[in-house]
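Structure record follows, encoded as structure tokens.
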Amino acid sequence: MFKQTIVKKPGRSYLNGLTTSDLGEPVFDKLLVQHEAYIEALKKCNVEVRELSASEEFPDSTFVEDTAVVTPEFAVVTNPGANSRADEITEMEPVLKEFYKDIRYINAPGTLDGGDVLQVDDHFYIGISERTNEEGAKQLKQILENSQYKATIVPLKEFFHLKTGIAYLGDNLIVAAGEFMNHPDFSQYEKIIIPDEDEYSANCIRVNDFVIIPEGYPATKKKMNDAGYQTIEVEMSEFQKHDGGLSCLSLRF
Ligand code: CIR
């Protein structure tokens, strides 16, 4: 069960953030409405939401997931791989200290984005991507293995972040798109397969009794409902324009 989440309101500077998509300029007012709806969805899942105020200094800092990896026992402050995002951790570290006594760190030359880390029960999968390098992945693996966790490093072929294409719903069931549909590292899990046209919806989050999914993917919603999960849909268009998905917008622990 998750009890706590951390989110961060997007600032106006969001419009100058990083993106590789050609979906157009985000509309700021719509972005704020979507962020509010995201918070409401989390609350419906029965978690506390700690909402941080917007940071104009860090345009991408609403994507809080990339700044930390959280477990029930400790938090790991990452070293985000994009230059413009690396110092976002200075705003997140003090907040994590409110919740955790035990904080670990990814140190340069290691880089790591939390979006590259997927927890499946006591096993963490760590993607090597444009943002997470081998050194960062090895540091996290070591930290986790020094605790009670297992860790597997997964070099990515196509996806931006590991969790762009994979999610864990619990009960040994993962959601897999693209390169993860038949990936040997995930062969032991049951799968909900997401076809290419619905790929964005592979980034969904199980939060207690619900799975939060992006709005506009009826086939994904049906697959989840058929598998026995209640879904909450959230409109994500303005975050998608800047390569963000549902998992990126919160830390959950
Ligand atoms: C970035 O390029 O860093 C942001 N525009 C999007 C980050 C998305 N985060 C995530 O998938 N965990």
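All residue names refer to the structure tokens as shown: chains lettered A, B, ... in order, residues numbered from 1 in each chain, ligands numbered from 1 in order.
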
Practice item. Step by step, measure atom-to-atom distances between ligand 1 and each residue using only C-alpha atoms and all ligand atoms, keep those at most 9 Å, then write them as a ChimeraX atom specification. Key: /A:14,17-20,59-67,80-82,84-85,113-117,131,160-164,203,239-249

Worksheet item: Counting only C-alpha atoms, what is within 8 Å of region 42-51 of chain A, bar same-chain residues fewer than 4 positions away, as a PyMOL selection string?
Response: chain A and resi 2-9+38+207-210

Those selected residues, please, written with N, CA and C atoms and delivered as a CSV table (one decimal), in the first residue's frame.
```csv
chain,number,residue,atom,x,y,z
A,2,PHE,N,0.5,2.2,-0.8
A,2,PHE,CA,1.2,3.5,-0.8
A,2,PHE,C,0.4,4.4,0.2
A,3,LYS,N,1.1,5.2,1.0
A,3,LYS,CA,0.4,6.1,1.9
A,3,LYS,C,0.7,7.6,1.4
A,4,GLN,N,1.8,7.8,0.9
A,4,GLN,CA,2.3,9.2,0.6
A,4,GLN,C,2.7,9.4,-0.8
A,5,THR,N,2.4,10.6,-1.3
A,5,THR,CA,2.9,10.9,-2.6
A,5,THR,C,3.5,12.3,-2.6
A,6,ILE,N,4.4,12.6,-3.5
A,6,ILE,CA,4.9,14.0,-3.6
A,6,ILE,C,4.7,14.4,-5.1
A,7,VAL,N,4.1,15.6,-5.3
A,7,VAL,CA,3.9,16.1,-6.6
A,7,VAL,C,4.4,17.6,-6.6
A,8,LYS,N,4.6,18.1,-7.8
A,8,LYS,CA,5.1,19.5,-7.9
A,8,LYS,C,4.3,20.2,-9.0
A,9,LYS,N,3.7,21.3,-8.6
A,9,LYS,CA,3.0,22.1,-9.6
A,9,LYS,C,3.9,22.6,-10.7
A,38,TYR,N,-4.8,15.2,-11.9
A,38,TYR,CA,-3.9,14.2,-11.5
A,38,TYR,C,-3.9,14.0,-9.9
A,207,VAL,N,-2.0,2.5,-8.0
A,207,VAL,CA,-1.9,3.1,-6.7
A,207,VAL,C,-3.0,2.6,-5.8
A,208,ASN,N,-2.6,1.7,-5.0
A,208,ASN,CA,-3.6,1.0,-4.1
A,208,ASN,C,-4.7,0.3,-4.9
A,209,ASP,N,-5.9,0.7,-4.7
A,209,ASP,CA,-7.0,-0.1,-5.3
A,209,ASP,C,-7.3,0.3,-6.8
A,210,PHE,N,-6.5,1.2,-7.3
A,210,PHE,CA,-6.8,1.7,-8.7
A,210,PHE,C,-5.5,1.7,-9.6
```

Shell of 9 Å around Ala108 (chain A), only C-alpha atoms, local chain residues under 6 positions omitted, as a PyMOL selection string
chain A and resi 79+135-136

Using N, CA and C atoms, can you write the selected residues to a file as a PDB file, in the first residue's frame?
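Below you can see out.pdb, which holds the result:
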```pdb
ATOM      1  N   ASN A  79      20.912  11.552  -9.711  1.00  0.00           N
ATOM      2  CA  ASN A  79      21.661  12.609 -10.397  1.00  0.00           C
ATOM      3  C   ASN A  79      21.100  12.665 -11.821  1.00  0.00           C
ATOM      4  N   GLU A 135      27.223   3.725 -15.093  1.00  0.00           N
ATOM      5  CA  GLU A 135      27.744   4.001 -13.755  1.00  0.00           C
ATOM      6  C   GLU A 135      26.596   4.294 -12.766  1.00  0.00           C
ATOM      7  N   GLY A 136      25.649   5.123 -13.211  1.00  0.00           N
ATOM      8  CA  GLY A 136      24.500   5.443 -12.345  1.00  0.00           C
ATOM      9  C   GLY A 136      23.679   4.198 -12.047  1.00  0.00           C
TER      10      GLY A 136
END
```

- Message: I want to know what sits within 8 Å of region 140-154 of chain A, based on only C-alpha atoms, with residues of the same chain fewer than 3 positions away left out; could you give that as a ChimeraX atom specification?
- Response: /A:104,106,122-128,136-137,185

Q) Which residue out of A:Glu56, A:Asp121, A:Asp22, A:Glu233 has the minimum interatomic distance to Thr71 (chain A) when only C-alpha atoms are used? A)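 Of the candidates, the smallest distance to Thr71 (chain A) is held by A:Asp121.
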
Would you please give, as a short mmCIF file (atom, residue, chain, number, x, y, z; two decimals) with all heavy atoms, in the first residue's frame, all residues of region 4-220 of chain A that DSSP assigns to strand (DSSP E) based on the backbone?
```
data_model
loop_
_atom_site.label_atom_id
_atom_site.label_comp_id
_atom_site.auth_asym_id
_atom_site.auth_seq_id
_atom_site.Cartn_x
_atom_site.Cartn_y
_atom_site.Cartn_z
N GLN A 4 1.84 7.82 0.88
CA GLN A 4 2.28 9.19 0.64
C GLN A 4 2.69 9.38 -0.81
O GLN A 4 3.25 8.48 -1.42
CB GLN A 4 3.50 9.46 1.55
CG GLN A 4 4.04 10.85 1.49
CD GLN A 4 3.08 11.88 2.09
OE1 GLN A 4 2.57 11.70 3.19
NE2 GLN A 4 2.83 12.95 1.36
N THR A 5 2.41 10.57 -1.31
CA THR A 5 2.94 10.93 -2.64
C THR A 5 3.51 12.34 -2.56
O THR A 5 3.13 13.13 -1.69
CB THR A 5 1.84 10.90 -3.73
OG1 THR A 5 0.82 11.81 -3.36
CG2 THR A 5 1.25 9.51 -3.90
N ILE A 6 4.40 12.63 -3.49
CA ILE A 6 4.92 14.00 -3.63
C ILE A 6 4.70 14.40 -5.09
O ILE A 6 5.04 13.64 -6.01
CB ILE A 6 6.43 14.06 -3.31
CG1 ILE A 6 6.69 13.61 -1.86
CG2 ILE A 6 6.98 15.47 -3.54
CD1 ILE A 6 8.17 13.46 -1.50
N VAL A 7 4.12 15.57 -5.28
CA VAL A 7 3.95 16.12 -6.63
C VAL A 7 4.44 17.56 -6.62
O VAL A 7 4.61 18.16 -5.57
CB VAL A 7 2.47 16.07 -7.10
CG1 VAL A 7 1.91 14.68 -7.07
CG2 VAL A 7 1.61 17.02 -6.27
N LYS A 8 4.65 18.11 -7.80
CA LYS A 8 5.10 19.50 -7.87
C LYS A 8 4.34 20.22 -8.99
O LYS A 8 4.33 19.75 -10.14
CB LYS A 8 6.60 19.52 -8.15
CG LYS A 8 7.24 20.87 -8.03
CD LYS A 8 8.76 20.67 -8.06
CE LYS A 8 9.48 21.91 -7.64
NZ LYS A 8 10.87 21.62 -7.29
N GLU A 48 -1.89 10.38 0.79
CA GLU A 48 -1.62 11.79 1.08
C GLU A 48 -0.87 12.39 -0.09
O GLU A 48 -0.03 11.71 -0.70
CB GLU A 48 -0.72 11.92 2.31
CG GLU A 48 -1.33 11.43 3.60
CD GLU A 48 -2.44 12.34 4.08
OE1 GLU A 48 -2.32 13.57 3.88
OE2 GLU A 48 -3.43 11.82 4.61
N VAL A 49 -1.17 13.63 -0.40
CA VAL A 49 -0.45 14.29 -1.50
C VAL A 49 0.26 15.52 -0.94
O VAL A 49 -0.37 16.44 -0.43
CB VAL A 49 -1.42 14.71 -2.63
CG1 VAL A 49 -0.63 15.37 -3.76
CG2 VAL A 49 -2.20 13.51 -3.15
N ARG A 50 1.56 15.48 -1.01
CA ARG A 50 2.36 16.67 -0.62
C ARG A 50 2.63 17.44 -1.91
O ARG A 50 3.36 16.96 -2.78
CB ARG A 50 3.66 16.18 0.02
CG ARG A 50 4.68 17.25 0.28
CD ARG A 50 4.41 17.92 1.65
NE ARG A 50 5.64 18.51 2.16
CZ ARG A 50 6.09 19.71 1.80
NH1 ARG A 50 5.43 20.44 0.93
NH2 ARG A 50 7.23 20.15 2.31
N GLU A 51 2.00 18.61 -2.02
CA GLU A 51 2.11 19.36 -3.27
C GLU A 51 3.15 20.46 -3.12
O GLU A 51 2.97 21.40 -2.34
CB GLU A 51 0.76 19.96 -3.67
CG GLU A 51 0.84 20.56 -5.06
CD GLU A 51 -0.45 21.21 -5.54
OE1 GLU A 51 -1.45 21.17 -4.83
OE2 GLU A 51 -0.40 21.80 -6.64
N LEU A 52 4.22 20.36 -3.86
CA LEU A 52 5.29 21.37 -3.82
C LEU A 52 4.92 22.51 -4.75
O LEU A 52 4.28 22.32 -5.79
CB LEU A 52 6.62 20.75 -4.25
CG LEU A 52 7.01 19.46 -3.53
CD1 LEU A 52 8.35 18.95 -4.05
CD2 LEU A 52 7.08 19.69 -2.03
N ALA A 68 14.27 11.09 -7.74
CA ALA A 68 14.45 10.18 -6.60
C ALA A 68 13.91 8.78 -6.90
O ALA A 68 13.05 8.60 -7.76
CB ALA A 68 13.72 10.73 -5.37
N VAL A 69 14.46 7.82 -6.18
CA VAL A 69 13.91 6.46 -6.18
C VAL A 69 13.52 6.20 -4.73
O VAL A 69 14.35 6.35 -3.82
CB VAL A 69 14.97 5.43 -6.64
CG1 VAL A 69 14.42 4.01 -6.52
CG2 VAL A 69 15.40 5.73 -8.08
N VAL A 70 12.25 5.86 -4.51
CA VAL A 70 11.79 5.73 -3.13
C VAL A 70 11.39 4.29 -2.82
O VAL A 70 10.77 3.61 -3.65
CB VAL A 70 10.63 6.70 -2.85
CG1 VAL A 70 11.13 8.12 -2.71
CG2 VAL A 70 9.53 6.65 -3.91
N ALA A 75 15.27 6.50 0.70
CA ALA A 75 15.11 7.19 -0.58
C ALA A 75 16.49 7.38 -1.19
O ALA A 75 17.48 7.57 -0.48
CB ALA A 75 14.44 8.55 -0.37
N VAL A 76 16.56 7.33 -2.50
CA VAL A 76 17.81 7.58 -3.21
C VAL A 76 17.62 8.86 -4.01
O VAL A 76 16.73 8.93 -4.87
CB VAL A 76 18.15 6.42 -4.16
CG1 VAL A 76 19.49 6.68 -4.86
CG2 VAL A 76 18.19 5.09 -3.42
N VAL A 77 18.42 9.86 -3.70
CA VAL A 77 18.41 11.10 -4.50
C VAL A 77 19.24 10.80 -5.74
O VAL A 77 20.39 10.35 -5.65
CB VAL A 77 19.02 12.27 -3.70
CG1 VAL A 77 19.15 13.51 -4.57
CG2 VAL A 77 18.16 12.57 -2.47
N ILE A 103 18.80 8.45 3.61
CA ILE A 103 18.82 8.93 2.22
C ILE A 103 20.16 8.57 1.59
O ILE A 103 21.22 8.79 2.19
CB ILE A 103 18.57 10.45 2.16
CG1 ILE A 103 17.20 10.75 2.76
CG2 ILE A 103 18.67 10.97 0.72
CD1 ILE A 103 16.59 12.06 2.43
N ARG A 104 20.11 7.99 0.42
CA ARG A 104 21.33 7.62 -0.31
C ARG A 104 21.40 8.49 -1.57
O ARG A 104 20.43 9.15 -1.93
CB ARG A 104 21.28 6.14 -0.72
CG ARG A 104 20.61 5.21 0.27
CD ARG A 104 21.55 4.76 1.36
NE ARG A 104 20.84 3.95 2.34
CZ ARG A 104 20.76 2.62 2.32
NH1 ARG A 104 21.34 1.93 1.36
NH2 ARG A 104 20.12 1.95 3.27
N TYR A 105 22.53 8.40 -2.25
CA TYR A 105 22.75 9.30 -3.39
C TYR A 105 23.37 8.58 -4.58
O TYR A 105 24.22 7.69 -4.40
CB TYR A 105 23.69 10.46 -2.98
CG TYR A 105 23.08 11.31 -1.90
CD1 TYR A 105 23.21 10.96 -0.56
CD2 TYR A 105 22.35 12.45 -2.22
CE1 TYR A 105 22.62 11.71 0.45
CE2 TYR A 105 21.76 13.22 -1.22
CZ TYR A 105 21.90 12.85 0.11
OH TYR A 105 21.30 13.59 1.10
N VAL A 117 13.55 3.55 -13.55
CA VAL A 117 13.55 2.54 -12.49
C VAL A 117 12.13 2.02 -12.26
O VAL A 117 11.22 2.79 -11.97
CB VAL A 117 14.11 3.14 -11.19
CG1 VAL A 117 14.16 2.08 -10.09
CG2 VAL A 117 15.51 3.73 -11.42
N LEU A 118 11.98 0.71 -12.39
CA LEU A 118 10.68 0.07 -12.17
C LEU A 118 10.81 -0.93 -11.03
O LEU A 118 11.67 -1.81 -11.07
CB LEU A 118 10.26 -0.68 -13.45
CG LEU A 118 8.99 -1.53 -13.31
CD1 LEU A 118 7.75 -0.65 -13.22
CD2 LEU A 118 8.86 -2.52 -14.47
N GLN A 119 9.94 -0.78 -10.05
CA GLN A 119 9.92 -1.76 -8.96
C GLN A 119 8.86 -2.82 -9.21
O GLN A 119 7.69 -2.50 -9.45
CB GLN A 119 9.64 -1.06 -7.61
CG GLN A 119 9.69 -2.06 -6.46
CD GLN A 119 9.55 -1.43 -5.09
OE1 GLN A 119 9.36 -0.23 -4.95
NE2 GLN A 119 9.64 -2.26 -4.06
N VAL A 120 9.28 -4.06 -9.17
CA VAL A 120 8.36 -5.20 -9.26
C VAL A 120 8.54 -5.99 -7.97
O VAL A 120 9.50 -6.75 -7.84
CB VAL A 120 8.67 -6.07 -10.50
CG1 VAL A 120 7.69 -7.25 -10.57
CG2 VAL A 120 8.60 -5.26 -11.78
N HIS A 123 12.05 -6.58 -6.55
CA HIS A 123 13.03 -6.59 -7.65
C HIS A 123 12.95 -5.28 -8.42
O HIS A 123 11.87 -4.92 -8.90
CB HIS A 123 12.69 -7.78 -8.57
CG HIS A 123 13.78 -8.14 -9.51
ND1 HIS A 123 14.03 -9.44 -9.88
CD2 HIS A 123 14.70 -7.40 -10.17
CE1 HIS A 123 15.05 -9.48 -10.71
NE2 HIS A 123 15.46 -8.24 -10.91
N PHE A 124 14.06 -4.59 -8.52
CA PHE A 124 14.09 -3.34 -9.28
C PHE A 124 14.74 -3.57 -10.64
O PHE A 124 15.77 -4.24 -10.74
CB PHE A 124 14.88 -2.26 -8.53
CG PHE A 124 14.14 -1.65 -7.37
CD1 PHE A 124 14.02 -2.34 -6.17
CD2 PHE A 124 13.56 -0.40 -7.47
CE1 PHE A 124 13.34 -1.79 -5.09
CE2 PHE A 124 12.87 0.16 -6.40
CZ PHE A 124 12.77 -0.53 -5.21
N TYR A 125 14.16 -2.97 -11.65
CA TYR A 125 14.74 -2.98 -13.00
C TYR A 125 15.23 -1.56 -13.29
O TYR A 125 14.50 -0.59 -13.08
CB TYR A 125 13.70 -3.43 -14.03
CG TYR A 125 13.34 -4.88 -13.82
CD1 TYR A 125 12.34 -5.24 -12.92
CD2 TYR A 125 14.05 -5.89 -14.45
CE1 TYR A 125 12.04 -6.57 -12.68
CE2 TYR A 125 13.75 -7.23 -14.22
CZ TYR A 125 12.76 -7.56 -13.34
OH TYR A 125 12.47 -8.89 -13.09
N ILE A 126 16.47 -1.47 -13.76
CA ILE A 126 17.09 -0.16 -13.95
C ILE A 126 17.51 -0.04 -15.42
O ILE A 126 18.38 -0.77 -15.89
CB ILE A 126 18.34 -0.01 -13.05
CG1 ILE A 126 18.02 -0.39 -11.60
CG2 ILE A 126 18.91 1.40 -13.15
CD1 ILE A 126 19.25 -0.62 -10.73
N GLY A 127 16.87 0.87 -16.14
CA GLY A 127 17.18 1.05 -17.55
C GLY A 127 18.43 1.89 -17.75
O GLY A 127 18.68 2.83 -16.99
N ILE A 128 19.21 1.53 -18.78
CA ILE A 128 20.28 2.42 -19.23
C ILE A 128 19.75 3.12 -20.47
O ILE A 128 19.29 2.47 -21.42
CB ILE A 128 21.57 1.65 -19.54
CG1 ILE A 128 22.11 1.03 -18.24
CG2 ILE A 128 22.62 2.57 -20.17
CD1 ILE A 128 23.41 0.28 -18.40
N LYS A 150 16.54 -7.07 -5.02
CA LYS A 150 17.26 -7.56 -6.20
C LYS A 150 17.25 -6.44 -7.24
O LYS A 150 16.33 -5.60 -7.23
CB LYS A 150 16.56 -8.79 -6.79
CG LYS A 150 16.62 -10.00 -5.89
CD LYS A 150 16.01 -11.18 -6.61
CE LYS A 150 14.99 -11.76 -5.76
NZ LYS A 150 13.85 -12.23 -5.73
N ALA A 151 18.20 -6.46 -8.14
CA ALA A 151 18.23 -5.41 -9.16
C ALA A 151 18.79 -5.98 -10.46
O ALA A 151 19.76 -6.74 -10.45
CB ALA A 151 19.06 -4.23 -8.69
N THR A 152 18.16 -5.59 -11.56
CA THR A 152 18.61 -6.01 -12.89
C THR A 152 18.77 -4.76 -13.75
O THR A 152 17.87 -3.91 -13.79
CB THR A 152 17.57 -6.95 -13.55
OG1 THR A 152 17.41 -8.10 -12.72
CG2 THR A 152 18.00 -7.38 -14.94
N ILE A 153 19.89 -4.66 -14.42
CA ILE A 153 20.13 -3.52 -15.33
C ILE A 153 19.67 -3.91 -16.73
O ILE A 153 20.00 -4.99 -17.23
CB ILE A 153 21.62 -3.13 -15.30
CG1 ILE A 153 21.96 -2.57 -13.91
CG2 ILE A 153 21.94 -2.11 -16.39
CD1 ILE A 153 23.40 -2.19 -13.71
N VAL A 154 18.88 -3.03 -17.34
CA VAL A 154 18.27 -3.31 -18.65
C VAL A 154 18.66 -2.20 -19.64
O VAL A 154 18.11 -1.11 -19.59
CB VAL A 154 16.72 -3.33 -18.53
CG1 VAL A 154 16.08 -3.75 -19.85
CG2 VAL A 154 16.25 -4.22 -17.39
N PRO A 155 19.61 -2.46 -20.53
CA PRO A 155 19.93 -1.43 -21.53
C PRO A 155 18.73 -1.23 -22.48
O PRO A 155 18.17 -2.21 -22.97
CB PRO A 155 21.14 -2.00 -22.28
CG PRO A 155 21.67 -3.08 -21.38
CD PRO A 155 20.48 -3.63 -20.66
N ILE A 166 6.85 0.32 -19.85
CA ILE A 166 6.53 -0.81 -18.97
C ILE A 166 6.03 -0.31 -17.62
O ILE A 166 6.49 0.73 -17.12
CB ILE A 166 7.75 -1.75 -18.82
CG1 ILE A 166 7.37 -3.06 -18.14
CG2 ILE A 166 8.91 -1.06 -18.10
CD1 ILE A 166 8.41 -4.15 -18.33
N ALA A 167 5.07 -1.05 -17.06
CA ALA A 167 4.54 -0.72 -15.74
C ALA A 167 4.24 -2.03 -15.02
O ALA A 167 4.06 -3.07 -15.66
CB ALA A 167 3.26 0.10 -15.87
N TYR A 168 4.19 -1.97 -13.70
CA TYR A 168 3.84 -3.16 -12.92
C TYR A 168 2.52 -2.92 -12.20
O TYR A 168 2.38 -1.91 -11.51
CB TYR A 168 4.95 -3.47 -11.90
CG TYR A 168 4.65 -4.71 -11.09
CD1 TYR A 168 4.37 -5.92 -11.71
CD2 TYR A 168 4.66 -4.67 -9.69
CE1 TYR A 168 4.09 -7.06 -10.97
CE2 TYR A 168 4.40 -5.82 -8.94
CZ TYR A 168 4.11 -7.00 -9.59
OH TYR A 168 3.83 -8.13 -8.86
N LEU A 169 1.59 -3.84 -12.39
CA LEU A 169 0.27 -3.68 -11.76
C LEU A 169 0.14 -4.44 -10.45
O LEU A 169 -0.85 -4.31 -9.75
CB LEU A 169 -0.83 -4.15 -12.72
CG LEU A 169 -0.96 -3.41 -14.04
CD1 LEU A 169 -2.19 -3.89 -14.80
CD2 LEU A 169 -1.01 -1.90 -13.84
N GLY A 170 1.14 -5.25 -10.12
CA GLY A 170 1.01 -6.15 -8.97
C GLY A 170 0.57 -7.52 -9.47
O GLY A 170 0.28 -7.71 -10.67
N LEU A 173 1.73 -9.20 -12.71
CA LEU A 173 1.23 -8.73 -14.02
C LEU A 173 1.89 -7.41 -14.42
O LEU A 173 1.79 -6.41 -13.68
CB LEU A 173 -0.29 -8.54 -13.93
CG LEU A 173 -1.00 -8.05 -15.18
CD1 LEU A 173 -0.87 -9.06 -16.33
CD2 LEU A 173 -2.49 -7.80 -14.88
N ILE A 174 2.56 -7.42 -15.56
CA ILE A 174 3.13 -6.17 -16.07
C ILE A 174 2.38 -5.71 -17.31
O ILE A 174 1.68 -6.49 -17.97
CB ILE A 174 4.65 -6.28 -16.35
CG1 ILE A 174 4.95 -7.27 -17.46
CG2 ILE A 174 5.45 -6.61 -15.11
CD1 ILE A 174 6.39 -7.22 -17.91
N VAL A 175 2.56 -4.44 -17.61
CA VAL A 175 2.01 -3.83 -18.82
C VAL A 175 3.23 -3.56 -19.71
O VAL A 175 4.19 -2.95 -19.24
CB VAL A 175 1.33 -2.49 -18.48
CG1 VAL A 175 0.79 -1.81 -19.73
CG2 VAL A 175 0.21 -2.71 -17.47
N ALA A 176 3.22 -4.06 -20.93
CA ALA A 176 4.44 -3.96 -21.75
C ALA A 176 4.12 -3.49 -23.16
O ALA A 176 3.19 -3.96 -23.80
CB ALA A 176 5.13 -5.32 -21.81
N ALA A 177 4.94 -2.54 -23.62
CA ALA A 177 4.83 -2.06 -25.00
C ALA A 177 6.19 -2.21 -25.68
O ALA A 177 7.21 -2.45 -25.03
CB ALA A 177 4.41 -0.58 -25.00
N GLU A 190 3.34 -12.30 -16.15
CA GLU A 190 2.14 -12.21 -17.00
C GLU A 190 2.14 -10.82 -17.61
O GLU A 190 2.62 -9.87 -16.99
CB GLU A 190 0.87 -12.35 -16.15
CG GLU A 190 0.75 -13.63 -15.36
CD GLU A 190 0.51 -14.82 -16.26
OE1 GLU A 190 -0.28 -14.68 -17.21
OE2 GLU A 190 1.13 -15.87 -16.02
N LYS A 191 1.56 -10.71 -18.82
CA LYS A 191 1.64 -9.39 -19.48
C LYS A 191 0.30 -8.93 -20.04
O LYS A 191 -0.45 -9.71 -20.61
CB LYS A 191 2.61 -9.46 -20.65
CG LYS A 191 4.04 -9.60 -20.22
CD LYS A 191 4.98 -9.51 -21.43
CE LYS A 191 6.38 -9.91 -21.02
NZ LYS A 191 6.52 -11.35 -20.72
N ILE A 192 0.09 -7.63 -19.90
CA ILE A 192 -0.91 -6.96 -20.72
C ILE A 192 -0.10 -6.28 -21.81
O ILE A 192 0.78 -5.46 -21.53
CB ILE A 192 -1.72 -5.93 -19.91
CG1 ILE A 192 -2.66 -6.65 -18.94
CG2 ILE A 192 -2.49 -4.99 -20.83
CD1 ILE A 192 -3.51 -5.73 -18.08
N ILE A 193 -0.35 -6.66 -23.05
CA ILE A 193 0.43 -6.13 -24.17
C ILE A 193 -0.25 -4.87 -24.73
O ILE A 193 -1.46 -4.87 -24.98
CB ILE A 193 0.57 -7.20 -25.29
CG1 ILE A 193 1.37 -8.40 -24.77
CG2 ILE A 193 1.18 -6.62 -26.56
CD1 ILE A 193 2.84 -8.15 -24.53
N ILE A 194 0.53 -3.84 -24.89
CA ILE A 194 0.01 -2.57 -25.42
C ILE A 194 0.57 -2.39 -26.84
O ILE A 194 1.79 -2.27 -27.02
CB ILE A 194 0.46 -1.39 -24.53
CG1 ILE A 194 0.03 -1.60 -23.07
CG2 ILE A 194 -0.06 -0.07 -25.08
CD1 ILE A 194 -1.45 -1.56 -22.80
N ILE A 205 -0.01 3.89 -13.65
CA ILE A 205 0.45 3.61 -12.28
C ILE A 205 -0.63 2.93 -11.45
O ILE A 205 -1.76 3.37 -11.40
CB ILE A 205 0.96 4.89 -11.55
CG1 ILE A 205 -0.01 6.07 -11.68
CG2 ILE A 205 2.35 5.27 -12.04
CD1 ILE A 205 0.39 7.30 -10.86
N ARG A 206 -0.24 1.86 -10.81
CA ARG A 206 -1.12 1.21 -9.84
C ARG A 206 -0.92 1.93 -8.52
O ARG A 206 0.20 2.00 -8.00
CB ARG A 206 -0.72 -0.27 -9.70
CG ARG A 206 -1.29 -0.96 -8.48
CD ARG A 206 -2.60 -1.65 -8.77
NE ARG A 206 -3.23 -2.13 -7.54
CZ ARG A 206 -3.18 -3.38 -7.11
NH1 ARG A 206 -2.50 -4.28 -7.80
NH2 ARG A 206 -3.80 -3.73 -6.00
N VAL A 207 -1.99 2.49 -8.02
CA VAL A 207 -1.92 3.15 -6.71
C VAL A 207 -3.03 2.55 -5.84
O VAL A 207 -4.22 2.82 -6.04
CB VAL A 207 -2.08 4.69 -6.82
CG1 VAL A 207 -1.89 5.34 -5.45
CG2 VAL A 207 -1.08 5.28 -7.82
N PHE A 210 -6.51 1.21 -7.34
CA PHE A 210 -6.78 1.70 -8.70
C PHE A 210 -5.54 1.65 -9.59
O PHE A 210 -4.41 1.69 -9.09
CB PHE A 210 -7.27 3.15 -8.65
CG PHE A 210 -8.60 3.33 -7.97
CD1 PHE A 210 -8.66 3.61 -6.61
CD2 PHE A 210 -9.78 3.21 -8.69
CE1 PHE A 210 -9.87 3.78 -5.98
CE2 PHE A 210 -11.00 3.38 -8.05
CZ PHE A 210 -11.05 3.67 -6.69
N VAL A 211 -5.80 1.63 -10.89
CA VAL A 211 -4.72 1.90 -11.86
C VAL A 211 -5.09 3.21 -12.54
O VAL A 211 -6.19 3.35 -13.09
CB VAL A 211 -4.59 0.78 -12.91
CG1 VAL A 211 -3.44 1.09 -13.86
CG2 VAL A 211 -4.36 -0.57 -12.24
N ILE A 212 -4.18 4.17 -12.46
CA ILE A 212 -4.42 5.45 -13.14
C ILE A 212 -3.83 5.33 -14.54
O ILE A 212 -2.67 4.93 -14.71
CB ILE A 212 -3.77 6.62 -12.37
CG1 ILE A 212 -4.23 6.63 -10.90
CG2 ILE A 212 -4.13 7.95 -13.04
CD1 ILE A 212 -3.65 7.75 -10.05
N ILE A 213 -4.66 5.63 -15.53
CA ILE A 213 -4.22 5.52 -16.93
C ILE A 213 -4.52 6.84 -17.64
O ILE A 213 -5.38 7.61 -17.21
CB ILE A 213 -4.94 4.35 -17.67
CG1 ILE A 213 -6.47 4.56 -17.70
CG2 ILE A 213 -4.62 3.01 -17.03
CD1 ILE A 213 -7.20 3.56 -18.59
N PRO A 214 -3.82 7.11 -18.75
CA PRO A 214 -4.14 8.33 -19.48
C PRO A 214 -5.48 8.20 -20.19
O PRO A 214 -5.86 7.10 -20.62
CB PRO A 214 -2.99 8.47 -20.49
CG PRO A 214 -2.34 7.14 -20.56
CD PRO A 214 -2.68 6.38 -19.33
#
```

**OP:** In Å, rounded to a single decimal, give me how far CA of Ser201 (chain A) is from CA of Lys222 (chain A).
**Re:**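 Distance between the two atoms: 12.1 Å.
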
Close residues, Glu57 (chain A) itself excluded, 9 Å, only C-alpha atoms, min 2 positions apart in chain, as a list of chain:residue names |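 Residues meeting the cut-off are A:Gly11, A:Ser13, A:Ala54, A:Ser55, A:Pro59, A:Ser61, A:Glu88.
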
Problem set entry | Distance criterion (only C-alpha atoms): nearest to Pro26 (chain A) out of A:Pro10, A:Glu130, A:Gly216, A:Phe159 |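 Looking at the shortest contact to Pro26 (chain A), the residue is A:Pro10.
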
Counting only C-alpha atoms, the residue of A:Cys204, A:Thr78, A:Arg12, A:Asn83 that sits nearest Met236 (chain A):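 Among A:Cys204, A:Thr78, A:Arg12, A:Asn83, it is A:Cys204 that comes nearest to Met236 (chain A).
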
Checklist entry - Per DSSP on the backbone, what are the helix (DSSP H, G or I) residues of region 45-244 of chain A, as a PyMOL selection string? => result chain A and resi 64-67+83-99+114-116+134-146+162-164+178-180+184-186+196-202+218-226+237-240

Which value, in Å to one decimal, gives the distance between CA of Tyr189 (chain A) and CA of Val234 (chain A)?
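Going from CA of Tyr189 (chain A) over to CA of Val234 (chain A) covers 26.5 Å.
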
Expressed in Å, the length from CA of Ala227 (chain A) to CA of Glu197 (chain A) is 20.5 Å

### Message
Given only C-alpha atoms as the basis, pick out the residue of A:Asn172, A:Ile89, A:Glu235, A:Gln139 nearest to Ser187 (chain A).
### Response
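Smallest distance to Ser187 (chain A) is found for A:Asn172.
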